[in-house]
Amino acid sequence: MTINHPSFGTIADDRVLIFDTTLRDGEQSPGFSMTTAEKLRMAHALAEMGVDVMEAGFPIASPDDFAAVHAIASEVKGPVIAGLSRAQPADIARAGEAVKPAERRRIHTFISTSPLHMKYKLRMEEEAVLEAITASVTQARGLVDDVEWSAEDATRTERDFLRRAVENAIKAGATTINLPDTVGYATPADMAAMFADIRDHVPGADAVILSTHNHNDLGLAVANTLAALGSGVRQIECTINGIGERAGNAALEEVVMAIRTRQDASPYRNNIDTTQILKTSRLLATITGFDVQPNKAIVGRNAFAHESGIHQDGMLKNANSYEIMTPESVGWKKSSLVLGKHSGRAAFRAKLAELGYGEIGDNRLQDAFARFKELADRKKTVFEEDLVALVDEELVRDHQRIRFEGIEATTSSRNGSRATVELVVDGEARSAEAQGDGPVDAAFNAVRSLCPHEAELTLYAVGAITDGSDAQARTTVRLEEDGLSVDGQGADVDTVVSAVRAYVHALNKLWHKRERRIAPAMANG
């Protein structure tokens, strides 16, 4: 079976499209919001990795979200650029305007179809929902050739009504039909049966792309995604690191590598350059301030680590004994010891290029090199993870109003702690001294005096990037103010410096977020 699609032409039956919604559903995770500049960095990385469709945002949500989608549509080449919209004329018009500059553009419109959602969320009867589907898809199709329609809460929708809804969407011109497990309720058997039923009973279902979008509330998002493939689904909606509403979405890296590794069970192909997976995962972690857990499949730092003596012996004899894929296939490097304090700038630049940072400008390189030399003077061993954290921290702070300059802190079990912090705020150098219950508290008090705010510190977490007593600390802080929540991240061999960097990073995000409060509530997938 082949499908003719306006954006992709003839699609063979073994071809699976990868629809990435990191910038839309992923960004809806509490504390994960991104600036336009950060979204653009992620969008270029996703395009380089080879995603087929990139859902860039929800344009009606706020002026900033519209600007981000429009900027991505203008600058990012390769993938189809999609904007999300509710089944409302203003939403659809806004989405069409946002994606207009893209070489290939899509409007993704949705409406709830489950009895629960229709009664309590929409307060609409079935016939009214069917009319809204026809009207919204027709309007979207008048703006773009590529229209995706989603039945929100499809897995809890009565089967007969779901058939009618899908049929209406297809008749109105939808070219992709997405049936999401919005609340992570379904099992693999449920997903397979739902899509098989739609293919068997809805006229025209075999001529459009069927898409699956699974949330991970029961930990079944990836399993449900793979099950849907067997029932004719040819588009997978997913996110980097599995981020998203509540427990997140199906993780792109897990789905793609499951297909690649188990061709016997999932004989499909896609366009993802898997060697870019780790780099893209780390970029997202840097931008959002959330690392993946160490045992995370594919991209966790322990994914290809072997500590057990039995495992080590097996690996030495044959790597296939305990590894079903190579670390290189997803972007990992076998070497861990990299540079030291005697290394020069040329070696530093070469190593960064090897790690995927070949296009860093001279000024950024100089700043990163200076910080590397400071780190190497204090740290016995510098690992690749240290370099990635150091360089990403420099890059992620390009567009921020507050810049950390320095700190001096003293602490005493008898007399408490004092800290003097130096910042540059909107181009003006400032410094302040403050006391506190420990050097971190004193430093935060000093920052607060330099940048007054009413935000509450609700999370302070410190972790080591690598092993050893001289390991770099990676600190994450969360600030909340008037319903806004942001996370900041900092890294340094000195825990106090790391903490202040994280606090400043969070403040920058908070200041930005104040200016772009989201108007309507963001919708679930």
# chains A, B, ... in the order shown; residues from 1 in each chain; ligands from 1

call {"tool": "select_by_dssp", "arguments": {"residues": "region 399-475 of chain A", "states": "strand (DSSP E)", "output": "ChimeraX atom specification"}}
result
/A:402-412,416-425,428-436,456-464,473-475

call {"tool": "write_last_selection", "arguments": {"atoms": "N, CA and C atoms", "output": "tab-separated table (two decimals), in the first residue's frame"}}
result
chain	number	residue	atom	x	y	z
A	402	ILE	N	20.90	39.22	32.56
A	402	ILE	CA	21.79	39.19	33.73
A	402	ILE	C	22.97	38.27	33.41
A	403	ARG	N	24.17	38.72	33.68
A	403	ARG	CA	25.35	37.89	33.45
A	403	ARG	C	26.15	37.78	34.74
A	404	PHE	N	26.48	36.57	35.11
A	404	PHE	CA	27.29	36.32	36.30
A	404	PHE	C	28.74	36.68	36.03
A	405	GLU	N	29.36	37.43	36.95
A	405	GLU	CA	30.75	37.85	36.80
A	405	GLU	C	31.68	37.20	37.82
A	406	GLY	N	31.24	37.12	39.07
A	406	GLY	CA	32.13	36.54	40.07
A	406	GLY	C	31.50	36.51	41.45
A	407	ILE	N	32.14	35.78	42.36
A	407	ILE	CA	31.63	35.67	43.72
A	407	ILE	C	32.79	35.42	44.68
A	408	GLU	N	32.69	36.00	45.87
A	408	GLU	CA	33.57	35.68	46.98
A	408	GLU	C	32.68	35.32	48.16
A	409	ALA	N	32.95	34.16	48.77
A	409	ALA	CA	32.10	33.70	49.86
A	409	ALA	C	32.95	33.19	51.01
A	410	THR	N	32.50	33.46	52.23
A	410	THR	CA	33.15	32.92	53.43
A	410	THR	C	32.08	32.27	54.29
A	411	THR	N	32.47	31.25	55.03
A	411	THR	CA	31.50	30.57	55.89
A	411	THR	C	32.16	30.19	57.21
A	412	SER	N	31.37	30.18	58.26
A	412	SER	CA	31.86	29.84	59.59
A	412	SER	C	30.74	29.18	60.38
A	416	GLY	N	28.23	32.38	60.83
A	416	GLY	CA	27.41	32.36	59.63
A	416	GLY	C	28.23	32.55	58.37
A	417	SER	N	27.56	32.87	57.28
A	417	SER	CA	28.22	33.00	55.97
A	417	SER	C	27.95	34.35	55.34
A	418	ARG	N	28.93	34.79	54.55
A	418	ARG	CA	28.79	36.04	53.80
A	418	ARG	C	29.22	35.79	52.37
A	419	ALA	N	28.60	36.52	51.46
A	419	ALA	CA	28.96	36.37	50.05
A	419	ALA	C	28.86	37.72	49.36
A	420	THR	N	29.84	38.00	48.49
A	420	THR	CA	29.81	39.18	47.64
A	420	THR	C	29.69	38.70	46.20
A	421	VAL	N	28.63	39.13	45.53
A	421	VAL	CA	28.34	38.68	44.17
A	421	VAL	C	28.47	39.85	43.21
A	422	GLU	N	29.08	39.58	42.06
A	422	GLU	CA	29.21	40.58	41.00
A	422	GLU	C	28.41	40.12	39.78
A	423	LEU	N	27.52	41.00	39.30
A	423	LEU	CA	26.70	40.72	38.13
A	423	LEU	C	26.78	41.89	37.16
A	424	VAL	N	26.43	41.61	35.90
A	424	VAL	CA	26.18	42.67	34.92
A	424	VAL	C	24.70	42.58	34.58
A	425	VAL	N	23.93	43.62	34.89
A	425	VAL	CA	22.49	43.64	34.68
A	425	VAL	C	22.15	44.69	33.64
A	428	GLU	N	24.97	46.96	32.99
A	428	GLU	CA	25.52	47.72	34.11
A	428	GLU	C	26.16	46.78	35.13
A	429	ALA	N	27.41	47.03	35.48
A	429	ALA	CA	28.10	46.22	36.48
A	429	ALA	C	27.57	46.55	37.87
A	430	ARG	N	27.23	45.51	38.64
A	430	ARG	CA	26.71	45.70	39.99
A	430	ARG	C	27.35	44.67	40.92
A	431	SER	N	27.42	45.02	42.20
A	431	SER	CA	27.92	44.07	43.19
A	431	SER	C	27.19	44.31	44.50
A	432	ALA	N	27.07	43.26	45.30
A	432	ALA	CA	26.39	43.37	46.59
A	432	ALA	C	26.91	42.29	47.52
A	433	GLU	N	26.89	42.61	48.83
A	433	GLU	CA	27.30	41.65	49.84
A	433	GLU	C	26.07	41.32	50.70
A	434	ALA	N	25.95	40.06	51.11
A	434	ALA	CA	24.81	39.65	51.93
A	434	ALA	C	25.22	38.50	52.85
A	435	GLN	N	24.45	38.31	53.92
A	435	GLN	CA	24.64	37.21	54.84
A	435	GLN	C	23.59	36.14	54.56
A	436	GLY	N	23.84	34.95	55.10
A	436	GLY	CA	22.87	33.88	54.92
A	436	GLY	C	23.22	32.66	55.74
A	456	GLU	N	9.59	32.67	44.59
A	456	GLU	CA	9.90	31.71	45.66
A	456	GLU	C	10.79	30.60	45.11
A	457	LEU	N	11.84	30.29	45.84
A	457	LEU	CA	12.72	29.18	45.46
A	457	LEU	C	12.06	27.88	45.91
A	458	THR	N	11.62	27.05	44.95
A	458	THR	CA	10.90	25.82	45.29
A	458	THR	C	11.69	24.55	45.01
A	459	LEU	N	12.83	24.69	44.35
A	459	LEU	CA	13.68	23.51	44.09
A	459	LEU	C	15.13	23.94	44.08
A	460	TYR	N	15.95	23.18	44.78
A	460	TYR	CA	17.40	23.36	44.74
A	460	TYR	C	18.02	21.97	44.72
A	461	ALA	N	18.58	21.60	43.58
A	461	ALA	CA	19.12	20.25	43.43
A	461	ALA	C	20.54	20.32	42.89
A	462	VAL	N	21.44	19.54	43.49
A	462	VAL	CA	22.84	19.52	43.08
A	462	VAL	C	23.22	18.09	42.74
A	463	GLY	N	23.88	17.93	41.60
A	463	GLY	CA	24.37	16.62	41.20
A	463	GLY	C	25.75	16.74	40.58
A	464	ALA	N	26.50	15.66	40.59
A	464	ALA	CA	27.84	15.65	40.01
A	464	ALA	C	27.77	15.21	38.56
A	473	ALA	N	29.97	20.30	39.71
A	473	ALA	CA	28.60	20.25	40.22
A	473	ALA	C	27.67	20.83	39.17
A	474	ARG	N	26.53	20.20	38.98
A	474	ARG	CA	25.48	20.75	38.13
A	474	ARG	C	24.28	21.04	39.02
A	475	THR	N	23.92	22.29	39.12
A	475	THR	CA	22.85	22.71	40.03
A	475	THR	C	21.62	23.13	39.23

call {"tool": "residues_around", "arguments": {"residues": "Tyr503 (chain A)", "least_positions_apart": "2", "cutoff": "12 Å", "atoms": "only C-alpha atoms", "output": "ChimeraX atom specification"}}
result
/A:289,402-404,423,440-441,443-448,451,455-461,474-479,486-491,496-501,505-510

call {"tool": "write_last_selection", "arguments": {"atoms": "N, CA and C atoms", "output": "tab-separated table (two decimals), in the first residue's frame"}}
result
chain	number	residue	atom	x	y	z
A	289	GLY	N	17.32	22.89	31.53
A	289	GLY	CA	17.82	22.73	32.88
A	289	GLY	C	17.45	21.41	33.51
A	402	ILE	N	20.90	39.22	32.56
A	402	ILE	CA	21.79	39.19	33.73
A	402	ILE	C	22.97	38.27	33.41
A	403	ARG	N	24.17	38.72	33.68
A	403	ARG	CA	25.35	37.89	33.45
A	403	ARG	C	26.15	37.78	34.74
A	404	PHE	N	26.48	36.57	35.11
A	404	PHE	CA	27.29	36.32	36.30
A	404	PHE	C	28.74	36.68	36.03
A	423	LEU	N	27.52	41.00	39.30
A	423	LEU	CA	26.70	40.72	38.13
A	423	LEU	C	26.78	41.89	37.16
A	440	VAL	N	25.60	29.37	50.04
A	440	VAL	CA	24.64	29.43	48.93
A	440	VAL	C	23.51	30.39	49.26
A	441	ASP	N	22.98	30.30	50.47
A	441	ASP	CA	21.91	31.20	50.89
A	441	ASP	C	22.39	32.65	50.88
A	443	ALA	N	24.77	33.88	49.01
A	443	ALA	CA	24.94	34.29	47.61
A	443	ALA	C	23.59	34.61	46.97
A	444	PHE	N	22.58	33.78	47.25
A	444	PHE	CA	21.25	34.03	46.70
A	444	PHE	C	20.68	35.35	47.23
A	445	ASN	N	20.93	35.63	48.50
A	445	ASN	CA	20.47	36.90	49.07
A	445	ASN	C	21.14	38.09	48.38
A	446	ALA	N	22.40	37.93	48.05
A	446	ALA	CA	23.11	39.01	47.35
A	446	ALA	C	22.53	39.22	45.96
A	447	VAL	N	22.24	38.12	45.26
A	447	VAL	CA	21.64	38.24	43.93
A	447	VAL	C	20.28	38.91	44.02
A	448	ARG	N	19.49	38.53	45.05
A	448	ARG	CA	18.17	39.12	45.22
A	448	ARG	C	18.26	40.64	45.45
A	451	CYS	N	18.97	42.11	42.02
A	451	CYS	CA	17.85	41.92	41.08
A	451	CYS	C	16.59	41.64	41.91
A	455	ALA	N	9.92	36.10	43.62
A	455	ALA	CA	9.83	34.68	43.29
A	455	ALA	C	10.25	33.81	44.47
A	456	GLU	N	9.59	32.67	44.59
A	456	GLU	CA	9.90	31.71	45.66
A	456	GLU	C	10.79	30.60	45.11
A	457	LEU	N	11.84	30.29	45.84
A	457	LEU	CA	12.72	29.18	45.46
A	457	LEU	C	12.06	27.88	45.91
A	458	THR	N	11.62	27.05	44.95
A	458	THR	CA	10.90	25.82	45.29
A	458	THR	C	11.69	24.55	45.01
A	459	LEU	N	12.83	24.69	44.35
A	459	LEU	CA	13.68	23.51	44.09
A	459	LEU	C	15.13	23.94	44.08
A	460	TYR	N	15.95	23.18	44.78
A	460	TYR	CA	17.40	23.36	44.74
A	460	TYR	C	18.02	21.97	44.72
A	461	ALA	N	18.58	21.60	43.58
A	461	ALA	CA	19.12	20.25	43.43
A	461	ALA	C	20.54	20.32	42.89
A	474	ARG	N	26.53	20.20	38.98
A	474	ARG	CA	25.48	20.75	38.13
A	474	ARG	C	24.28	21.04	39.02
A	475	THR	N	23.92	22.29	39.12
A	475	THR	CA	22.85	22.71	40.03
A	475	THR	C	21.62	23.13	39.23
A	476	THR	N	20.46	22.74	39.72
A	476	THR	CA	19.19	23.17	39.15
A	476	THR	C	18.37	23.85	40.22
A	477	VAL	N	17.84	25.03	39.93
A	477	VAL	CA	16.95	25.73	40.85
A	477	VAL	C	15.63	26.01	40.14
A	478	ARG	N	14.56	26.05	40.90
A	478	ARG	CA	13.24	26.39	40.36
A	478	ARG	C	12.70	27.59	41.10
A	479	LEU	N	12.26	28.58	40.34
A	479	LEU	CA	11.63	29.78	40.90
A	479	LEU	C	10.18	29.83	40.46
A	486	VAL	N	9.91	28.54	36.51
A	486	VAL	CA	11.08	28.43	35.63
A	486	VAL	C	12.18	27.66	36.33
A	487	ASP	N	13.01	27.02	35.53
A	487	ASP	CA	14.15	26.30	36.07
A	487	ASP	C	15.42	26.86	35.45
A	488	GLY	N	16.46	26.97	36.27
A	488	GLY	CA	17.76	27.40	35.80
A	488	GLY	C	18.81	26.37	36.14
A	489	GLN	N	19.88	26.36	35.36
A	489	GLN	CA	20.92	25.36	35.56
A	489	GLN	C	22.29	26.03	35.49
A	490	GLY	N	23.19	25.55	36.33
A	490	GLY	CA	24.56	26.03	36.31
A	490	GLY	C	25.52	24.89	36.57
A	491	ALA	N	26.74	25.02	36.07
A	491	ALA	CA	27.74	23.99	36.27
A	491	ALA	C	29.08	24.62	36.61
A	496	VAL	N	29.11	26.45	45.07
A	496	VAL	CA	28.49	27.75	45.27
A	496	VAL	C	28.40	28.51	43.94
A	497	VAL	N	29.47	28.49	43.16
A	497	VAL	CA	29.46	29.15	41.85
A	497	VAL	C	28.40	28.52	40.96
A	498	SER	N	28.34	27.18	40.97
A	498	SER	CA	27.33	26.47	40.19
A	498	SER	C	25.93	26.92	40.59
A	499	ALA	N	25.70	27.07	41.89
A	499	ALA	CA	24.38	27.47	42.39
A	499	ALA	C	24.01	28.87	41.92
A	500	VAL	N	24.97	29.81	41.99
A	500	VAL	CA	24.69	31.18	41.58
A	500	VAL	C	24.42	31.23	40.08
A	501	ARG	N	25.18	30.49	39.29
A	501	ARG	CA	24.93	30.44	37.85
A	501	ARG	C	23.51	29.95	37.57
A	505	HIS	N	20.49	32.08	35.88
A	505	HIS	CA	19.85	31.52	34.69
A	505	HIS	C	18.33	31.51	34.87
A	506	ALA	N	17.87	31.07	36.03
A	506	ALA	CA	16.44	31.03	36.31
A	506	ALA	C	15.83	32.43	36.30
A	507	LEU	N	16.54	33.40	36.88
A	507	LEU	CA	16.02	34.77	36.89
A	507	LEU	C	15.87	35.31	35.48
A	508	ASN	N	16.83	35.01	34.63
A	508	ASN	CA	16.71	35.45	33.24
A	508	ASN	C	15.46	34.88	32.59
A	509	LYS	N	15.22	33.61	32.83
A	509	LYS	CA	14.03	32.97	32.26
A	509	LYS	C	12.76	33.58	32.83
A	510	LEU	N	12.78	33.87	34.13
A	510	LEU	CA	11.60	34.44	34.77
A	510	LEU	C	11.30	35.82	34.20

call {"tool": "select_by_dssp", "arguments": {"residues": "region 18-240 of chain A", "states": "alpha helix (DSSP H)", "output": "ChimeraX atom specification"}}
result
/A:36-49,63-75,89-99,115-116,126-143,159-172,188-201,221-229

call {"tool": "residues_around", "arguments": {"residues": "Ile133 (chain A)", "least_positions_apart": "2", "cutoff": "9 Å", "atoms": "only C-alpha atoms", "output": "PyMOL selection string"}}
result
chain A and resi 87+109-111+128-131+135-138+149+165-166+168-169+172

call {"tool": "write_last_selection", "arguments": {"atoms": "N, CA, C and O atoms", "output": "short mmCIF file (atom, residue, chain, number, x, y, z; two decimals), in the first residue's frame"}}
result
data_model
loop_
_atom_site.label_atom_id
_atom_site.label_comp_id
_atom_site.auth_asym_id
_atom_site.auth_seq_id
_atom_site.Cartn_x
_atom_site.Cartn_y
_atom_site.Cartn_z
N ALA A 87 -10.09 23.95 17.31
CA ALA A 87 -11.07 23.99 16.22
C ALA A 87 -11.84 25.30 16.27
O ALA A 87 -13.07 25.32 16.34
N THR A 109 -4.93 20.81 13.66
CA THR A 109 -6.07 21.25 14.44
C THR A 109 -6.70 20.06 15.17
O THR A 109 -6.64 18.93 14.69
N PHE A 110 -7.27 20.33 16.33
CA PHE A 110 -7.79 19.24 17.16
C PHE A 110 -9.06 19.65 17.87
O PHE A 110 -9.36 20.84 18.03
N ILE A 111 -9.81 18.63 18.30
CA ILE A 111 -10.98 18.83 19.15
C ILE A 111 -11.20 17.54 19.93
O ILE A 111 -10.88 16.45 19.45
N ALA A 128 -22.64 18.78 17.23
CA ALA A 128 -21.93 20.06 17.20
C ALA A 128 -20.42 19.83 17.03
O ALA A 128 -19.75 20.60 16.33
N VAL A 129 -19.90 18.79 17.66
CA VAL A 129 -18.47 18.47 17.50
C VAL A 129 -18.17 18.07 16.06
O VAL A 129 -17.18 18.50 15.47
N LEU A 130 -19.06 17.26 15.47
CA LEU A 130 -18.86 16.85 14.07
C LEU A 130 -18.88 18.06 13.14
O LEU A 130 -18.07 18.16 12.20
N GLU A 131 -19.77 19.00 13.41
CA GLU A 131 -19.81 20.22 12.59
C GLU A 131 -18.54 21.04 12.76
O GLU A 131 -18.01 21.61 11.80
N ALA A 135 -15.90 22.18 9.83
CA ALA A 135 -15.60 23.60 9.63
C ALA A 135 -14.12 23.91 9.82
O ALA A 135 -13.51 24.65 9.04
N SER A 136 -13.51 23.34 10.87
CA SER A 136 -12.11 23.67 11.17
C SER A 136 -11.16 23.09 10.12
O SER A 136 -10.23 23.77 9.67
N VAL A 137 -11.38 21.85 9.72
CA VAL A 137 -10.51 21.24 8.71
C VAL A 137 -10.68 21.95 7.36
O VAL A 137 -9.70 22.19 6.65
N THR A 138 -11.92 22.30 7.02
CA THR A 138 -12.16 23.02 5.77
C THR A 138 -11.43 24.36 5.76
O THR A 138 -10.80 24.74 4.77
N TRP A 149 -5.53 16.44 11.50
CA TRP A 149 -6.63 16.56 12.45
C TRP A 149 -6.44 15.54 13.56
O TRP A 149 -6.11 14.38 13.31
N ALA A 165 -16.24 10.81 13.41
CA ALA A 165 -15.39 12.00 13.48
C ALA A 165 -14.25 11.93 12.47
O ALA A 165 -13.96 12.92 11.76
N VAL A 166 -13.60 10.79 12.40
CA VAL A 166 -12.50 10.62 11.44
C VAL A 166 -13.01 10.76 10.01
O VAL A 166 -12.38 11.41 9.16
N ASN A 168 -15.56 12.49 8.94
CA ASN A 168 -15.80 13.92 8.68
C ASN A 168 -14.51 14.66 8.38
O ASN A 168 -14.45 15.50 7.48
N ALA A 169 -13.46 14.38 9.16
CA ALA A 169 -12.18 15.06 8.96
C ALA A 169 -11.59 14.74 7.59
O ALA A 169 -11.06 15.62 6.90
N ALA A 172 -13.47 16.50 4.83
CA ALA A 172 -13.20 17.94 4.82
C ALA A 172 -11.81 18.28 4.28
O ALA A 172 -11.52 19.45 4.05
#

call {"tool": "residues_around", "arguments": {"residues": "Val80 (chain A)", "least_positions_apart": "3", "cutoff": "7 Å", "atoms": "only C-alpha atoms", "output": "PyMOL selection string"}}
result
chain A and resi 52-54+104-106

call {"tool": "closest_residue", "arguments": {"among": "A:Val183, A:Thr326, A:Leu283, A:Asp386", "to": "Glu245 (chain A)", "atoms": "only C-alpha atoms"}}
result
A:Val183

call {"tool": "residues_around", "arguments": {"residues": "region 116-119 of chain A", "least_positions_apart": "3", "cutoff": "10 Å", "atoms": "only C-alpha atoms", "output": "PyMOL selection string"}}
result
chain A and resi 111-113+122-126+128-129+152-153+156-157

call {"tool": "closest_residue", "arguments": {"among": "A:Arg15, A:His44, A:His5, A:Lys39", "to": "Ser266 (chain A)", "atoms": "only C-alpha atoms"}}
result
A:Arg15
